[in-house]
Amino acid sequence: MLLEALRLALSTVFRNKLRSFLTVLGIVIGVASVIAMVTVGQGSTAQVQSDVASLGSNLLMIRPGAPGRGPGGGSNDAAPLTVADMDALVRYIPDITAATPGSAKSQTVVFGEMNHTVQISGTDNAFFGIRGWTLAFGRLFSDGEMRIGTPVCILGTTTSEALIGEGNPVGTTIRVGKISCEVIGLLAKREASTFGQDDNDIVVMPLKAFQRRISGNTNVQSISVTFRDGASAEDVTAQIQTLMRERRRLTGDQNDDFNVFDMKQISSMLTGITGVLTGLLSAVAAISLLVGGIGIMNIMLVSVTERTREIGIRMAVGATEAQVLMQFLVEAIVLSLIGGALGILLGLGLGALGSYALNISFLPDYRIIIASFIFSAFVGVVFGYFPARRAARLDPIEALRHQ
C-alpha cells in the first residue's frame, strides 16, 4: 500500500511541476537559510579561534586603560607602560616564560617609485617566538641594534611583494616615514589572519628605533607575556594585576588603570557571540519552514477539492479510508522532502558563496543538514494530515456526484 501511495504521489507531483515547485518554495527557502546561516556561523567561529590561536598559546596581553574597554581600548589619562614594567613581570612572576613589548603606528613606506601604507611594529626578538613567526630569509635583530635603536626592519611577505616584488628583499633599503631603514629579514608567509587583518602586511623594527624615529616617545602600547604549561591563567593574571598596581602606585580604593586580556577568554567570548547570532538568525530563517508548511496544507486542501470525484471513484471500487489517507499524506511528505533536498543543495551553495566572500572556512554542519531533512518530513506529516483526513472522510456518494 505504501509503495502504491508513493507511486501515486510522485505521479501527481511531477504532473503539476510548476504548482509543486511553488508549493515547496517556502520549505526550500527555510532549509536553505538555516543551513547557510549555520555554515557561515561555523566558519566565523573557526576563524575567530584561528585568529586567537595565531597570537600564541598561553598568552596574556597587558594594555593601559580602564578595564572594560576591550583589547583595543585605552585611556588618555592612563599612564603608559614601559620596558621596565615588562622586565619586572619577567623577574617577579616565575610562571611567565617570555615577554615582549609592542608599539605600532600606521606609516607609508616607500621603495623606489612604489609606496604602501602598513602597520609599523616596534618590538624585540621575543615577539617572533611568542607570535610563532619564522624567517624565510635574513636574520633577527642583533643585541646592538636593539640597544641603540638602529633603523633596521623585517618585512612581511605582503609588504615585501607590494614594495619590492617577489624574491629575497634582504639588503635593500626602504623609507619608513622620513627615515631610511635597511631590510634584514623576510617573515615566512602565514595563511592565518588576525581579526580580519592580513598578518603578512607588517614591518617590524627594534622598539628603540620605533620610539626614536616613529613615535617620538618611550611609551609601550602593550606587553604580551606567555606563561608555562600547567599554570592557571587566572592565577598569573592575578599576580600581574598585583605587581602592576604596585608599580603604578594605585591605592586600595583606586581602580586599575590597565587591562590584562586572556586570549583564550576573548576567543570564548567571541565564539559565544557568533554562536548566539547564528542561532538567532537560524531561528528567524526557520520561520520560513512554518510558512512553507502552511503553503503545503493550503495546496493539499485545494487538491482534495479538485480531486473529489477521483476520491469517490477510488472509494467506490474498494479503496478504504486508510488508503486514501495514506495517499494524500504521502503526497504531502514527498513535497516536503523534495523541498528539503532542494533547500539543502541551495543552502550548501549559499554557505560556500558566503564563506568565500567573507574569506572564512567552509564548514557545513552535517547534523544540521540531516536534522533539516528530517524536519522537512515532519512538516509534511503535520501540515498534510488535515487535508489527508478530509479526503479520507469524504462520502463516496457525494464525491461521485461532485462536478
# chains A, B, ... in the order shown; residues from 1 in each chain; ligands from 1
$ residues_around --residues "segment 377-386 of chain A" --least-positions-apart "3" --cutoff "6 Å" --atoms "only C-alpha atoms" --output "MDAnalysis selection string"
chainID A and resid 293 297 329 332:333 336:337 374 389
$ write_last_selection --atoms "C-alpha atoms" --output "mmCIF file, in the first residue's frame"
data_model
loop_
_atom_site.group_PDB
_atom_site.id
_atom_site.type_symbol
_atom_site.label_atom_id
_atom_site.label_comp_id
_atom_site.auth_asym_id
_atom_site.auth_seq_id
_atom_site.Cartn_x
_atom_site.Cartn_y
_atom_site.Cartn_z
ATOM 1 C CA GLY A 293 4.163 24.022 5.773
ATOM 2 C CA MET A 297 -1.554 22.429 3.616
ATOM 3 C CA LEU A 329 -0.336 12.119 3.469
ATOM 4 C CA ALA A 332 2.443 15.978 1.342
ATOM 5 C CA ILE A 333 5.535 14.265 2.749
ATOM 6 C CA SER A 336 8.233 18.416 1.842
ATOM 7 C CA LEU A 337 11.155 16.072 1.218
ATOM 8 C CA ILE A 374 14.034 15.063 8.862
ATOM 9 C CA ARG A 389 -8.046 13.231 6.789
#
$ residues_around --residues "segment 271-278 of chain A" --least-positions-apart "5" --cutoff "8 Å" --atoms "only C-alpha atoms" --output "number ranges by chain"
A: 37-38, 41, 44-45, 48-49
$ closest_residue --among "A:Val40, A:Lys17, A:Glu246, A:Ile96" --to "Leu350 of chain A" --atoms "only C-alpha atoms"
A:Val40
$ select_by_dssp --residues "segment 205-346 of chain A" --states "strand (DSSP E or B)" --output "PyMOL selection string"
chain A and resi 205-206+220+222-227+258-262
$ closest_residue --among "A:Thr159, A:Asn168, A:Thr23, A:Ser106" --to "Val302 of chain A" --atoms "only C-alpha atoms"
A:Thr23
$ select_by_dssp --residues "segment 34-211 of chain A" --states "helix (DSSP H, G or I)" --output "ChimeraX atom specification"
/A:34-54,83-92,126-131,143-148,157-163,207-211
$ atom_distance --atom1 "atom CA of Val176 of chain A" --atom2 "atom CA of Asp124 of chain A"
18.1 Å
$ closest_atom_pairs --of "segment 210-315 of chain A" --to "segment 144-149 of chain A" --cutoff "10 Å" --atoms "only C-alpha atoms" --output "Markdown table"
| residue | atom | partner | partner_atom | distance |
| --- | --- | --- | --- | --- |
| A:Phe210 | CA | A:Gly149 | CA | 7.6 |
| A:Gln211 | CA | A:Gly149 | CA | 8.4 |
| A:Arg212 | CA | A:Gly149 | CA | 7.6 |
| A:Arg213 | CA | A:Gly149 | CA | 8.9 |
$ closest_residue --among "A:Leu335, A:Ile174, A:Ala322, A:Val304" --to "Phe373 of chain A" --atoms "only C-alpha atoms"
A:Leu335
$ atom_distance --atom1 "atom CA of Thr150 of chain A" --atom2 "atom CA of Ser215 of chain A"
14.8 Å
$ residues_around --residues "Val204 of chain A" --least-positions-apart "4" --cutoff "10 Å" --atoms "only C-alpha atoms" --output "PyMOL selection string"
chain A and resi 104+119-125+127-128+141+152-156+183+185-187+210
$ write_last_selection --atoms "C-alpha atoms" --output "PDB file, in the first residue's frame"
ATOM      1  CA  ALA A 104      52.528  50.220  16.490  1.00  0.00           C
ATOM      2  CA  GLN A 119      51.412  48.962  10.289  1.00  0.00           C
ATOM      3  CA  ILE A 120      54.894  49.534  11.721  1.00  0.00           C
ATOM      4  CA  SER A 121      55.529  47.468  14.867  1.00  0.00           C
ATOM      5  CA  GLY A 122      58.278  48.263  17.341  1.00  0.00           C
ATOM      6  CA  THR A 123      59.266  45.281  19.465  1.00  0.00           C
ATOM      7  CA  ASP A 124      62.111  42.871  20.270  1.00  0.00           C
ATOM      8  CA  ASN A 125      63.157  39.374  19.211  1.00  0.00           C
ATOM      9  CA  PHE A 127      57.936  38.878  19.618  1.00  0.00           C
ATOM     10  CA  PHE A 128      58.736  36.351  16.902  1.00  0.00           C
ATOM     11  CA  PHE A 141      67.757  41.926  15.312  1.00  0.00           C
ATOM     12  CA  VAL A 152      66.656  48.091  10.508  1.00  0.00           C
ATOM     13  CA  CYS A 153      63.461  46.218   9.706  1.00  0.00           C
ATOM     14  CA  ILE A 154      61.946  42.840   8.924  1.00  0.00           C
ATOM     15  CA  LEU A 155      59.134  42.712   6.362  1.00  0.00           C
ATOM     16  CA  GLY A 156      56.051  40.560   6.000  1.00  0.00           C
ATOM     17  CA  VAL A 183      65.738  45.312   5.373  1.00  0.00           C
ATOM     18  CA  GLY A 185      64.801  39.787   7.100  1.00  0.00           C
ATOM     19  CA  LEU A 186      61.635  38.473   5.492  1.00  0.00           C
ATOM     20  CA  LEU A 187      58.990  36.682   7.556  1.00  0.00           C
ATOM     21  CA  PHE A 210      60.470  52.867  16.594  1.00  0.00           C
TER      22      PHE A 210
END
$ closest_residue --among "A:Ala36, A:Val109, A:Ile164, A:Thr226" --to "Gly129 of chain A" --atoms "only C-alpha atoms"
A:Thr226
$ closest_residue --among "A:Ile27, A:Ala283, A:Leu59, A:Met205" --to "Met263 of chain A" --atoms "only C-alpha atoms"
A:Leu59
$ atom_distance --atom1 "atom CA of Ser160 of chain A" --atom2 "atom CA of Glu113 of chain A"
13.9 Å
$ closest_residue --among "A:Ile369, A:Ile287, A:Lys208, A:Arg15" --to "Leu345 of chain A" --atoms "only C-alpha atoms"
A:Ile369
$ residues_around --residues "Leu60 of chain A" --least-positions-apart "4" --cutoff "8 Å" --atoms "only C-alpha atoms" --output "ChimeraX atom specification"
/A:224-226,233,237,260-263
